[in-house]
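Taking it in order: structure first as structure tokens, then the write-up.
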Amino acid sequence: MEARGVWRLALPLGIAQLLFFAAPLLLLAGTSFSTDENLTQTSLRAWREVVGDTFHIQSAINTLRLGALAVCATALLAVPLALLHLAAGPVLRRIILIAAVLPLLTSVVVRTFSWIVILGREGLINTTLMGLGLTSAPIALLQTEHGLVLALTQIEMPLMLLPLIAALARIDPALLDASASLGGSLFRTLRRVVLPLALPGLLAGATLVFASATTAFISQGVIGGGRLNYLPALVWQNAMVVFDWPLAAAMALTLMASVLMVAGLLSLLGRGARHA
Amino acid sequence: MIEFNRRSLLAGMGAAALPLAAQAQTAMTAAVYPGGWDEALANVLAPALRARHNVSVAFDPLFAVDQIAKARAARGTPSFDVFVLDPGPRVSGIDFSLFESFDPTRLPSRGVLPDGYADAQGAAVAAQVVGIAYNPTKVPKPTGWRDLFQPQFASKLGLTGFGTTFGTISLIEMAKALGGSEANMDPLFTELRRIKPSVAAVAQPAAMPGLFQQGQIDLMYTNTYTVTLLRSRGVPIAFAVPETGAAAFVTTMHIAKGSRNIAAAYQYIDTMISTPVQTALAAAPYFFVPVNRDVTPGEDVPMRSISEINRFVTHDWSVINPLRAGWISRFNREMAG
Amino acid sequence: MHRFSGGDKALALLIMALAALALLVLVGPVLVVLITSFTTSQALRFPPPGLTLRWYQELFDPVRSAQIHRAAGNSLLVATLTAIAATALATGAALAIARSRAGWARFAEGAFMAPLVLPGIAFGLAALMFFSWLHLPPSLWLLVAGHAMIAGPFALRTIGASAAGLDPALLESSAALGASPWRTFRRVVLPLIMPGVAAGAFLAFVSSLDNVPVSLFLSSAQTDMLPIRLWGMMETALDVRVAAASGVLVAVAFTLLLVMDRAVGLVRRMSA
């Protein structure tokens, strides 16, 4: 195949994406600037409601905060595990990888369901705590934000772990040996050699975790409950219950914009770190 | 002689039946309420429909308001052929012109329905009763709606909003018990705000039975068919009639405008009101309230006959519908704000 | 390997502890689901009061669980079609990007990967609005189209990695020996990128099986999808069969993972 005409091979995917991805999103944007779902008239009503209403703003803030918490929690656990993978032998490495990939292959419904069993009033955590005598009454973990963050940590961890492992795998082992033989402590080696080289993986993982956690509306609804206010639930409610499509579209776009903004920020951070 | 004739008659019938069986089965889709109704109709109505009319039905589990939303989104190409609706969404459906014009004369079984229960919009198929459900092993029997706001009850209560008929009715009744009305829901929202930090759960209507079964909540407002469903699963649950009376309403079925299976839809609705199906639904473990005059309801059915519905609390949906969107929004804000 | 000082020992211990916790958090819930699927109680208590195979029996009972079986069949069908569509589209794009030095290639790569980061619920709603506006009723093909858009990036990533390793000299010599482009593709390129293609197809398949946001908005009663039905069962029907279904899904996922890893080194490709 000649390199000249090879761009044509990308056409099918490009056209498909234009038709089935870009066009719907454009319509979504257009709907948000209309009075109703039939696009009869242009209006800023929906956006005014999104921006002008503290309830909606709070919802956006909560959603972003949830994403940030999920990123921190997964990073806290995934970085050490990725480091262990780096130092481990082939058997342990395989185990770690399988453990990382398996949750991704099981449905998000399955993952959410397991957390109902773990966090419930008669679930794993409460029966353990009460059994050990640490508390006399079951603590509420479902319908709380900390319960939700805990669940999301497991649900999203593979998305953080896999890019980290990939990034660490690209580190030249010679560098590690050199650092050690030059008398560097473990701490020093990590700080000066390993972590800076792992940064791209960390940022890629952070982007994926943030995107996934903010839009995980089944987990947010089932584990978080009705007293927590996040954007995805509002999008659903406005689209299918109240049937205010312009408002639903505006909220969906707000969600999209926040995720893209954070992804862009992280990408900039990555480029900045490379030049540092 | 008689044997001969009977045998040849049977043989003749057998031969006549062959082309019928060889005919392709008509497939249709019907909306159904999730949970109790889904199970009941799948186990009782679907087989009866297949046996009588050779029609197979796929069920789309959706609450009444969600059916309206989905039909509106579909813009004339509905994804289901038959609605099942409560009075409020029924009015919405009429307002948005979502129904095919209904002809009661196409229901061969219409004689079993009380007068006025089939009209140009659709046909009534069952009644529903709404009240308080509680776990008798964990909570004393509440006497009425006001009890739900007492600390010992509130801490076990599951709250849900105005997204369904049973939720709307219950919250209106609570408002009335607190001195409010459909026009003035402030007393209700004040009390909700007060108990919000201590209630056991706030969740979507569809999630309430699951939460009750898991022991996350021991008290909720709901339909009697949810109570019988949970009881059939071995969950300790009882129905408490509030002192102001239980609320009831009639559930109707309608044919979706633009449906491509109108004949099958009429057969579906006809089978639903037919005596064998209504008898099975009114018996254990479903305990539906039948509309069919010829059916004796099972023991645990809250209404002995459909004519009793006048003794229950009913509501004016033409007043409620316009206010509901505002209530939904307000409930969200108060609970999640 | 290293000579550890005191401070180093403490740090190493901390890292190991966190890593162990991470492994526990990763794997624990999966085990919890498996154990719960054998519970004798109708509620989701843990630890379960007793063990039974009852829920699995009910799950595989074709009469009692007919709706679940149909949803599973639908999901498998949609996933297969999605995998085919996504893989076919992504292969072309991956080859084009790998062989091109022009600037548009980087931009195109970013654009093609966009569905990974964009919120599924926003896209699901947008797709519903779009098809509703075109007066297209929800159907199998629209659902596949929606799924394929989300699955595309997964396939593109693994096939792209494979395609990047293609030696241009091989292709040039194939052309020089008189092979047509299609022949070159079939005999030279495809066998070389096959592991990437297989891995990509598998990931696209799984992504479609697990897809909730698009299915939620675009499915109808005829295209009842498994995750949606399980979600409904989880909430309203209070059915411990959900645990059994989860058990089956976990077992199938695990088996497929081992098979695909043996065949094409799947796990390695996912972490590349």
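Identifiers in this document derive from the order of the structure tokens: chains are assigned A, B, ..., residues are numbered from 1 separately in each chain, and ligands are numbered from 1 in order of occurrence.
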Specify as a ChimeraX atom specification all residues of chain B found within 10 Å of chain A, counting only C-alpha atoms.
/B:65-70,72-73,159-164,196-197,200-204,207,211,214-217,324-326,328-329,332-337
Taking the chain letters and numbering used in this document, name the residues of stretch 39-160 of chain A that DSSP puts in helix (DSSP H, G or I), as a VMD selection string.
chain A and resid 45 to 52 54 to 87 90 to 105 108 to 119 124 to 131 145 to 160
Using C-alpha atoms, can you write the selected residues to a file as an mmCIF file, in the first residue's frame?
data_model
loop_
_atom_site.group_PDB
_atom_site.id
_atom_site.type_symbol
_atom_site.label_atom_id
_atom_site.label_comp_id
_atom_site.auth_asym_id
_atom_site.auth_seq_id
_atom_site.Cartn_x
_atom_site.Cartn_y
_atom_site.Cartn_z
ATOM 1 C CA ARG A 45 -33.249 30.223 28.908
ATOM 2 C CA ALA A 46 -31.661 26.850 29.594
ATOM 3 C CA TRP A 47 -28.180 28.295 30.066
ATOM 4 C CA ARG A 48 -29.498 31.028 32.285
ATOM 5 C CA GLU A 49 -31.066 28.357 34.456
ATOM 6 C CA VAL A 50 -27.861 26.379 34.630
ATOM 7 C CA VAL A 51 -25.634 29.315 35.438
ATOM 8 C CA GLY A 52 -28.034 31.352 37.495
ATOM 9 C CA THR A 54 -27.176 27.806 42.866
ATOM 10 C CA PHE A 55 -28.625 24.312 42.886
ATOM 11 C CA HIS A 56 -27.157 23.607 39.472
ATOM 12 C CA ILE A 57 -23.851 25.277 40.272
ATOM 13 C CA GLN A 58 -23.620 23.238 43.460
ATOM 14 C CA SER A 59 -24.328 20.134 41.432
ATOM 15 C CA ALA A 60 -21.441 20.917 39.092
ATOM 16 C CA ILE A 61 -19.119 21.632 42.021
ATOM 17 C CA ASN A 62 -20.135 18.382 43.744
ATOM 18 C CA THR A 63 -19.506 16.431 40.563
ATOM 19 C CA LEU A 64 -16.062 17.933 40.062
ATOM 20 C CA ARG A 65 -15.220 17.337 43.696
ATOM 21 C CA LEU A 66 -16.273 13.717 43.400
ATOM 22 C CA GLY A 67 -13.986 13.304 40.409
ATOM 23 C CA ALA A 68 -11.076 14.909 42.246
ATOM 24 C CA LEU A 69 -11.600 12.692 45.293
ATOM 25 C CA ALA A 70 -11.731 9.613 43.103
ATOM 26 C CA VAL A 71 -8.477 10.620 41.392
ATOM 27 C CA CYS A 72 -6.700 11.149 44.704
ATOM 28 C CA ALA A 73 -7.976 7.928 46.225
ATOM 29 C CA THR A 74 -7.105 5.793 43.204
ATOM 30 C CA ALA A 75 -3.688 7.440 42.854
ATOM 31 C CA LEU A 76 -2.911 6.802 46.514
ATOM 32 C CA LEU A 77 -3.460 3.086 46.001
ATOM 33 C CA ALA A 78 -2.454 2.622 42.395
ATOM 34 C CA VAL A 79 0.996 4.228 42.585
ATOM 35 C CA PRO A 80 2.288 1.824 45.245
ATOM 36 C CA LEU A 81 0.781 -1.122 43.414
ATOM 37 C CA ALA A 82 2.406 -0.027 40.175
ATOM 38 C CA LEU A 83 5.728 0.321 42.002
ATOM 39 C CA LEU A 84 5.276 -3.173 43.392
ATOM 40 C CA HIS A 85 4.623 -4.414 39.877
ATOM 41 C CA LEU A 86 7.853 -2.785 38.750
ATOM 42 C CA ALA A 87 9.873 -4.513 41.438
ATOM 43 C CA PRO A 90 6.966 -12.439 36.612
ATOM 44 C CA VAL A 91 4.417 -14.407 38.630
ATOM 45 C CA LEU A 92 3.429 -11.547 40.890
ATOM 46 C CA ARG A 93 3.393 -9.236 37.889
ATOM 47 C CA ARG A 94 0.876 -11.459 36.153
ATOM 48 C CA ILE A 95 -1.288 -11.640 39.218
ATOM 49 C CA ILE A 96 -1.292 -7.878 39.563
ATOM 50 C CA LEU A 97 -2.196 -7.386 35.918
ATOM 51 C CA ILE A 98 -5.019 -9.890 35.999
ATOM 52 C CA ALA A 99 -6.350 -8.295 39.170
ATOM 53 C CA ALA A 100 -6.197 -4.945 37.414
ATOM 54 C CA VAL A 101 -7.913 -6.023 34.222
ATOM 55 C CA LEU A 102 -10.615 -8.278 35.664
ATOM 56 C CA PRO A 103 -12.845 -5.525 37.120
ATOM 57 C CA LEU A 104 -12.808 -3.790 33.751
ATOM 58 C CA LEU A 105 -14.212 -6.848 32.074
ATOM 59 C CA VAL A 108 -20.361 -1.719 35.941
ATOM 60 C CA VAL A 109 -23.634 -3.071 37.283
ATOM 61 C CA VAL A 110 -21.784 -6.028 38.793
ATOM 62 C CA ARG A 111 -19.208 -3.745 40.344
ATOM 63 C CA THR A 112 -21.855 -1.451 41.806
ATOM 64 C CA PHE A 113 -23.843 -4.407 43.095
ATOM 65 C CA SER A 114 -20.828 -5.758 44.967
ATOM 66 C CA TRP A 115 -20.554 -2.470 46.832
ATOM 67 C CA ILE A 116 -24.173 -2.651 47.959
ATOM 68 C CA VAL A 117 -23.289 -5.947 49.586
ATOM 69 C CA ILE A 118 -20.151 -4.460 51.144
ATOM 70 C CA LEU A 119 -21.527 -1.121 52.344
ATOM 71 C CA LEU A 124 -19.413 -6.849 54.935
ATOM 72 C CA ILE A 125 -18.021 -3.728 56.567
ATOM 73 C CA ASN A 126 -20.768 -3.362 59.140
ATOM 74 C CA THR A 127 -20.811 -7.011 60.162
ATOM 75 C CA THR A 128 -17.014 -6.938 60.510
ATOM 76 C CA LEU A 129 -17.015 -3.762 62.587
ATOM 77 C CA MET A 130 -19.847 -4.944 64.800
ATOM 78 C CA GLY A 131 -18.307 -8.384 65.066
ATOM 79 C CA GLU A 145 -20.348 10.539 49.795
ATOM 80 C CA HIS A 146 -17.519 8.707 51.556
ATOM 81 C CA GLY A 147 -19.187 5.393 50.797
ATOM 82 C CA LEU A 148 -19.463 6.455 47.186
ATOM 83 C CA VAL A 149 -15.806 7.506 46.970
ATOM 84 C CA LEU A 150 -14.765 4.196 48.484
ATOM 85 C CA ALA A 151 -16.766 2.288 45.905
ATOM 86 C CA LEU A 152 -15.505 4.441 43.054
ATOM 87 C CA THR A 153 -11.935 3.844 44.173
ATOM 88 C CA GLN A 154 -12.250 0.186 43.312
ATOM 89 C CA ILE A 155 -14.415 0.689 40.271
ATOM 90 C CA GLU A 156 -12.008 3.182 38.717
ATOM 91 C CA MET A 157 -8.658 1.909 39.952
ATOM 92 C CA PRO A 158 -7.833 -0.157 36.846
ATOM 93 C CA LEU A 159 -8.072 3.031 34.781
ATOM 94 C CA MET A 160 -5.331 4.566 36.913
#
Which residues are close to B:Tyr117, i.e. within 10 Å by only C-alpha atoms, leaving aside same-chain residues fewer than 4 positions away? Reply as a list in words.
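What passes the distance filter is Pro104, Arg110, Val112, Leu113, Gly122, Ala123, Ala124, Val125, Val250, Thr252 and Val291 of chain B.
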Restricting it to N, CA and C atoms, dump the selection as a CSV table (one decimal), in the first residue's frame.
chain,number,residue,atom,x,y,z
B,104,PRO,N,-64.2,1.1,22.2
B,104,PRO,CA,-64.5,0.0,23.2
B,104,PRO,C,-65.3,-1.2,22.5
B,110,ARG,N,-65.9,-6.5,26.9
B,110,ARG,CA,-66.2,-5.2,27.6
B,110,ARG,C,-67.4,-5.3,28.6
B,112,VAL,N,-67.8,-7.0,31.1
B,112,VAL,CA,-67.5,-7.2,32.5
B,112,VAL,C,-67.1,-5.9,33.1
B,113,LEU,N,-66.9,-4.8,32.4
B,113,LEU,CA,-66.4,-3.6,32.9
B,113,LEU,C,-67.6,-2.8,33.4
B,122,GLY,N,-59.2,4.9,26.3
B,122,GLY,CA,-58.7,3.6,26.6
B,122,GLY,C,-59.6,2.8,27.6
B,123,ALA,N,-59.1,1.8,28.3
B,123,ALA,CA,-60.0,1.0,29.1
B,123,ALA,C,-59.3,0.9,30.5
B,124,ALA,N,-60.1,0.8,31.6
B,124,ALA,CA,-59.6,0.6,32.9
B,124,ALA,C,-59.2,-0.9,33.0
B,125,VAL,N,-58.1,-1.2,33.7
B,125,VAL,CA,-57.8,-2.6,33.8
B,125,VAL,C,-57.5,-3.1,35.2
B,250,VAL,N,-57.7,4.4,39.5
B,250,VAL,CA,-57.9,3.4,38.5
B,250,VAL,C,-56.8,3.5,37.5
B,252,THR,N,-55.3,2.6,33.7
B,252,THR,CA,-55.9,2.4,32.4
B,252,THR,C,-54.9,2.0,31.4
B,291,VAL,N,-61.0,-5.0,38.0
B,291,VAL,CA,-62.1,-4.1,37.5
B,291,VAL,C,-63.3,-5.0,37.0
Up to 10 Å from chain B, what residues of chain C turn up? Count only C-alpha atoms and give them as a ChimeraX atom specification.
/C:41-45,63-64,66-67,128-129,131-139,217,219-224,229,232-239
Write the residues you've just listed into a file as a JSON list (two decimals), in the first residue's frame, and include N, CA and C atoms for each of them.
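Output contents, as saved in part-v6.json:
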[["chain", "number", "residue", "atom", "x", "y", "z"],
["C", 41, "SER", "N", -30.11, -16.69, 51.85],
["C", 41, "SER", "CA", -31.12, -15.70, 52.24],
["C", 41, "SER", "C", -31.55, -14.89, 51.02],
["C", 42, "GLN", "N", -32.75, -14.34, 51.08],
["C", 42, "GLN", "CA", -33.26, -13.54, 49.97],
["C", 42, "GLN", "C", -32.68, -12.14, 50.00],
["C", 43, "ALA", "N", -32.09, -11.77, 51.12],
["C", 43, "ALA", "CA", -31.50, -10.43, 51.23],
["C", 43, "ALA", "C", -30.00, -10.52, 50.99],
["C", 44, "LEU", "N", -29.41, -9.38, 50.76],
["C", 44, "LEU", "CA", -27.98, -9.38, 50.43],
["C", 44, "LEU", "C", -27.15, -9.18, 51.68],
["C", 45, "ARG", "N", -27.21, -10.17, 52.54],
["C", 45, "ARG", "CA", -26.45, -10.07, 53.77],
["C", 45, "ARG", "C", -25.06, -10.65, 53.55],
["C", 63, "VAL", "N", -37.71, -20.89, 31.82],
["C", 63, "VAL", "CA", -39.04, -20.31, 32.00],
["C", 63, "VAL", "C", -38.98, -19.13, 32.96],
["C", 64, "ARG", "N", -38.39, -19.36, 34.12],
["C", 64, "ARG", "CA", -38.36, -18.31, 35.14],
["C", 64, "ARG", "C", -37.50, -17.13, 34.71],
["C", 66, "ALA", "N", -36.65, -16.21, 31.59],
["C", 66, "ALA", "CA", -36.72, -15.98, 30.15],
["C", 66, "ALA", "C", -36.28, -14.58, 29.77],
["C", 67, "GLN", "N", -36.72, -13.59, 30.57],
["C", 67, "GLN", "CA", -36.39, -12.21, 30.21],
["C", 67, "GLN", "C", -34.90, -11.96, 30.30],
["C", 128, "LEU", "N", -29.99, 10.00, 21.42],
["C", 128, "LEU", "CA", -31.44, 9.89, 21.45],
["C", 128, "LEU", "C", -32.08, 11.09, 20.76],
["C", 129, "MET", "N", -31.58, 12.28, 21.11],
["C", 129, "MET", "CA", -32.13, 13.49, 20.51],
["C", 129, "MET", "C", -31.96, 13.46, 18.99],
["C", 131, "PHE", "N", -31.53, 10.85, 16.85],
["C", 131, "PHE", "CA", -32.36, 9.89, 16.13],
["C", 131, "PHE", "C", -33.84, 10.26, 16.24],
["C", 132, "SER", "N", -34.21, 10.84, 17.38],
["C", 132, "SER", "CA", -35.60, 11.25, 17.53],
["C", 132, "SER", "C", -35.92, 12.38, 16.55],
["C", 133, "TRP", "N", -34.98, 13.27, 16.38],
["C", 133, "TRP", "CA", -35.15, 14.40, 15.48],
["C", 133, "TRP", "C", -35.29, 13.93, 14.03],
["C", 134, "LEU", "N", -34.57, 12.84, 13.71],
["C", 134, "LEU", "CA", -34.64, 12.27, 12.38],
["C", 134, "LEU", "C", -35.83, 11.32, 12.24],
["C", 135, "HIS", "N", -36.66, 11.23, 13.30],
["C", 135, "HIS", "CA", -37.82, 10.35, 13.30],
["C", 135, "HIS", "C", -37.44, 8.89, 13.07],
["C", 136, "LEU", "N", -36.30, 8.49, 13.57],
["C", 136, "LEU", "CA", -35.90, 7.08, 13.48],
["C", 136, "LEU", "C", -36.24, 6.41, 14.81],
["C", 137, "PRO", "N", -37.08, 5.39, 14.79],
["C", 137, "PRO", "CA", -37.42, 4.73, 16.06],
["C", 137, "PRO", "C", -36.22, 3.95, 16.57],
["C", 138, "PRO", "N", -36.17, 3.71, 17.88],
["C", 138, "PRO", "CA", -35.05, 2.96, 18.43],
["C", 138, "PRO", "C", -34.99, 1.58, 17.77],
["C", 139, "SER", "N", -33.83, 1.18, 17.33],
["C", 139, "SER", "CA", -33.70, -0.11, 16.66],
["C", 139, "SER", "C", -32.34, -0.70, 16.95],
["C", 217, "PHE", "N", -30.53, 5.05, 26.83],
["C", 217, "PHE", "CA", -31.31, 5.98, 26.04],
["C", 217, "PHE", "C", -31.82, 5.37, 24.74],
["C", 219, "SER", "N", -32.22, 1.93, 23.89],
["C", 219, "SER", "CA", -32.79, 0.59, 23.77],
["C", 219, "SER", "C", -34.30, 0.64, 23.93],
["C", 220, "SER", "N", -34.95, -0.41, 23.45],
["C", 220, "SER", "CA", -36.39, -0.52, 23.58],
["C", 220, "SER", "C", -36.68, -1.91, 24.10],
["C", 221, "ALA", "N", -37.94, -2.29, 24.21],
["C", 221, "ALA", "CA", -38.26, -3.60, 24.75],
["C", 221, "ALA", "C", -37.69, -4.71, 23.88],
["C", 222, "GLN", "N", -37.61, -4.47, 22.56],
["C", 222, "GLN", "CA", -37.05, -5.51, 21.69],
["C", 222, "GLN", "C", -35.55, -5.65, 21.87],
["C", 223, "THR", "N", -34.91, -4.57, 22.25],
["C", 223, "THR", "CA", -33.46, -4.63, 22.40],
["C", 223, "THR", "C", -33.10, -4.46, 23.87],
["C", 224, "ASP", "N", -33.83, -5.14, 24.73],
["C", 224, "ASP", "CA", -33.56, -5.10, 26.16],
["C", 224, "ASP", "C", -32.13, -5.58, 26.42],
["C", 229, "ARG", "N", -31.21, -4.56, 32.36],
["C", 229, "ARG", "CA", -32.15, -5.47, 33.02],
["C", 229, "ARG", "C", -31.62, -5.85, 34.40],
["C", 232, "GLY", "N", -32.25, -2.99, 36.75],
["C", 232, "GLY", "CA", -33.65, -2.97, 37.16],
["C", 232, "GLY", "C", -33.92, -4.04, 38.21],
["C", 233, "MET", "N", -33.38, -5.25, 37.97],
["C", 233, "MET", "CA", -33.59, -6.34, 38.92],
["C", 233, "MET", "C", -32.97, -6.01, 40.26],
["C", 234, "MET", "N", -31.83, -5.38, 40.21],
["C", 234, "MET", "CA", -31.11, -5.05, 41.43],
["C", 234, "MET", "C", -31.96, -4.15, 42.30],
["C", 235, "GLU", "N", -32.65, -3.20, 41.67],
["C", 235, "GLU", "CA", -33.41, -2.23, 42.45],
["C", 235, "GLU", "C", -34.80, -2.71, 42.78],
["C", 236, "THR", "N", -35.56, -3.08, 41.79],
["C", 236, "THR", "CA", -36.98, -3.29, 42.05],
["C", 236, "THR", "C", -37.33, -4.72, 42.36],
["C", 237, "ALA", "N", -36.79, -5.67, 41.62],
["C", 237, "ALA", "CA", -37.28, -7.02, 41.79],
["C", 237, "ALA", "C", -36.57, -7.77, 42.91],
["C", 238, "LEU", "N", -35.59, -7.15, 43.50],
["C", 238, "LEU", "CA", -34.98, -7.67, 44.71],
["C", 238, "LEU", "C", -34.51, -9.09, 44.54],
["C", 239, "ASP", "N", -33.94, -9.33, 43.40],
["C", 239, "ASP", "CA", -33.69, -10.68, 43.03],
["C", 239, "ASP", "C", -32.25, -11.06, 43.27]]
Give me the residues within 9 Å of A:Ala23 as a ChimeraX atom specification, counting only C-alpha atoms and dropping any in the same chain fewer than 5 places off.
/A:17-18,28 /C:126-127,130
Check every residue of chain C for an atom within 6 Å of chain A, counting only C-alpha atoms, and provide those that qualify as a CSV table (one decimal) with N, CA and C atoms, in the first residue's frame.
chain,number,residue,atom,x,y,z
C,8,ASP,N,14.7,3.7,54.3
C,8,ASP,CA,14.3,3.0,53.1
C,8,ASP,C,13.4,1.9,53.5
C,15,ILE,N,5.0,1.3,51.1
C,15,ILE,CA,4.6,1.1,49.8
C,15,ILE,C,4.0,-0.3,49.6
C,18,LEU,N,0.4,-0.4,51.2
C,18,LEU,CA,-0.5,0.3,50.3
C,18,LEU,C,-0.8,-0.6,49.1
C,19,ALA,N,0.2,-1.2,48.6
C,19,ALA,CA,0.0,-2.0,47.4
C,19,ALA,C,-0.9,-3.2,47.8
C,22,ALA,N,-4.3,-2.1,48.0
C,22,ALA,CA,-4.8,-1.9,46.6
C,22,ALA,C,-5.3,-3.2,46.0
C,25,VAL,N,-8.5,-4.2,47.6
C,25,VAL,CA,-9.6,-3.4,47.2
C,25,VAL,C,-10.0,-3.8,45.8
C,26,LEU,N,-9.0,-4.1,44.9
C,26,LEU,CA,-9.3,-4.5,43.6
C,26,LEU,C,-10.1,-5.8,43.5
C,29,PRO,N,-14.1,-7.0,46.2
C,29,PRO,CA,-15.5,-7.0,45.7
C,29,PRO,C,-15.9,-8.1,44.8
C,33,VAL,N,-19.0,-10.7,45.5
C,33,VAL,CA,-20.1,-11.0,44.7
C,33,VAL,C,-20.2,-12.5,44.5
C,44,LEU,N,-29.4,-9.4,50.8
C,44,LEU,CA,-28.0,-9.4,50.4
C,44,LEU,C,-27.1,-9.2,51.7
C,45,ARG,N,-27.2,-10.2,52.5
C,45,ARG,CA,-26.4,-10.1,53.8
C,45,ARG,C,-25.1,-10.6,53.5
C,46,PHE,N,-24.1,-10.1,54.2
C,46,PHE,CA,-22.7,-10.7,54.2
C,46,PHE,C,-22.2,-10.8,55.5
C,89,LEU,N,-13.7,-0.5,11.3
C,89,LEU,CA,-13.5,1.0,11.1
C,89,LEU,C,-12.1,1.3,11.7
C,92,GLY,N,-8.8,0.3,9.6
C,92,GLY,CA,-8.5,1.3,8.5
C,92,GLY,C,-7.8,2.5,9.1
C,93,ALA,N,-8.5,3.1,10.1
C,93,ALA,CA,-7.9,4.3,10.7
C,93,ALA,C,-6.6,4.1,11.3
C,96,ALA,N,-4.0,3.9,8.6
C,96,ALA,CA,-3.8,5.3,7.9
C,96,ALA,C,-2.9,6.1,8.8
C,117,VAL,N,-13.1,9.9,26.5
C,117,VAL,CA,-13.1,10.9,27.6
C,117,VAL,C,-14.5,11.6,27.7
C,119,PRO,N,-18.3,12.2,28.4
C,119,PRO,CA,-19.3,11.5,29.3
C,119,PRO,C,-20.3,10.7,28.5
C,122,ALA,N,-23.9,12.1,28.3
C,122,ALA,CA,-24.1,13.2,27.4
C,122,ALA,C,-24.2,12.6,26.0
C,126,ALA,N,-27.5,12.8,23.6
C,126,ALA,CA,-27.3,13.4,22.3
C,126,ALA,C,-27.8,12.4,21.2
C,127,ALA,N,-27.4,11.2,21.3
C,127,ALA,CA,-27.8,10.2,20.3
C,127,ALA,C,-29.4,10.0,20.2
C,130,PHE,N,-30.8,13.0,18.6
C,130,PHE,CA,-30.5,13.0,17.1
C,130,PHE,C,-31.4,12.1,16.4
C,181,PRO,N,-2.7,-3.9,-3.5
C,181,PRO,CA,-2.9,-3.4,-2.1
C,181,PRO,C,-3.7,-4.4,-1.3
C,210,ASP,N,-20.9,-4.1,28.3
C,210,ASP,CA,-21.0,-3.4,29.6
C,210,ASP,C,-21.6,-2.0,29.4
C,246,SER,N,-24.2,-12.0,38.2
C,246,SER,CA,-22.9,-11.4,38.3
C,246,SER,C,-21.8,-12.5,38.4
C,250,VAL,N,-18.6,-12.8,36.0
C,250,VAL,CA,-17.3,-12.8,36.5
C,250,VAL,C,-16.5,-14.0,36.0
C,253,ALA,N,-15.8,-13.6,32.3
C,253,ALA,CA,-14.8,-12.6,32.0
C,253,ALA,C,-13.4,-13.2,32.4
C,271,SER,N,-2.0,-2.8,28.8
C,271,SER,CA,-1.2,-1.9,29.7
C,271,SER,C,-0.1,-1.2,28.9
C,272,ALA,N,-0.2,-1.3,27.6
C,272,ALA,CA,0.8,-0.6,26.7
C,272,ALA,C,0.4,0.8,26.3
Just give me the gap between atom CA of C:Ala79 and atom CA of C:Ser215 in Å, one decimal is fine.
11.5 Å
Return as a PyMOL selection string the full set of residues in stretch 60-229 of chain B whose backbone-based DSSP assignment is strand (DSSP E or B).
chain B and resi 60-61+82-85+99+118+123-134+157-159+201-202+219-223
Which is closer to B:Tyr266 than all the others in B:Thr26, B:Phe83, B:Arg106, B:Pro47, using only C-alpha atoms?
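Ranking B:Thr26, B:Phe83, B:Arg106, B:Pro47 by distance to B:Tyr266, first place goes to B:Arg106.
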Surrounding residues of C:Thr184 excluding itself and chain neighbours under 4 positions, 12 Å, only C-alpha atoms, as a list in words:
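Neighbouring residues, sequence-local ones excluded: Met1 and Glu2 of chain A; Pro168, Leu170, Leu171, Glu172, Ser173, Ser174, Ala175, Ala176, Leu177, Gly178, Ala179, Ser180, Val188, Val189, Leu190, Pro191 and Leu192 of chain C.
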Could you turn the residues from that selection into a file that holds C-alpha atoms, as a PDB file, in the first residue's frame?
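So out.pdb came out as:
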ATOM      1  CA  MET A   1       0.000   0.000   0.000  1.00  0.00           C
ATOM      2  CA  GLU A   2       1.387   3.354  -0.974  1.00  0.00           C
TER       3      GLU A   2
ATOM      4  CA  PRO C 168       7.349  -0.209   5.890  1.00  0.00           C
ATOM      5  CA  LEU C 170       7.805  -5.249   4.173  1.00  0.00           C
ATOM      6  CA  LEU C 171       4.976  -3.428   2.493  1.00  0.00           C
ATOM      7  CA  GLU C 172       7.216  -1.861  -0.098  1.00  0.00           C
ATOM      8  CA  SER C 173       8.752  -5.149  -1.068  1.00  0.00           C
ATOM      9  CA  SER C 174       5.324  -6.732  -1.286  1.00  0.00           C
ATOM     10  CA  ALA C 175       4.218  -3.998  -3.676  1.00  0.00           C
ATOM     11  CA  ALA C 176       7.467  -4.258  -5.609  1.00  0.00           C
ATOM     12  CA  LEU C 177       6.846  -7.975  -6.079  1.00  0.00           C
ATOM     13  CA  GLY C 178       3.597  -7.114  -7.838  1.00  0.00           C
ATOM     14  CA  ALA C 179       1.011  -7.717  -5.104  1.00  0.00           C
ATOM     15  CA  SER C 180      -2.130  -5.578  -5.200  1.00  0.00           C
ATOM     16  CA  VAL C 188       1.296  -9.321   4.849  1.00  0.00           C
ATOM     17  CA  VAL C 189      -0.347  -6.675   6.991  1.00  0.00           C
ATOM     18  CA  LEU C 190      -3.251  -8.524   8.530  1.00  0.00           C
ATOM     19  CA  PRO C 191      -1.276 -11.482   9.884  1.00  0.00           C
ATOM     20  CA  LEU C 192       1.208  -9.063  11.427  1.00  0.00           C
TER      21      LEU C 192
END
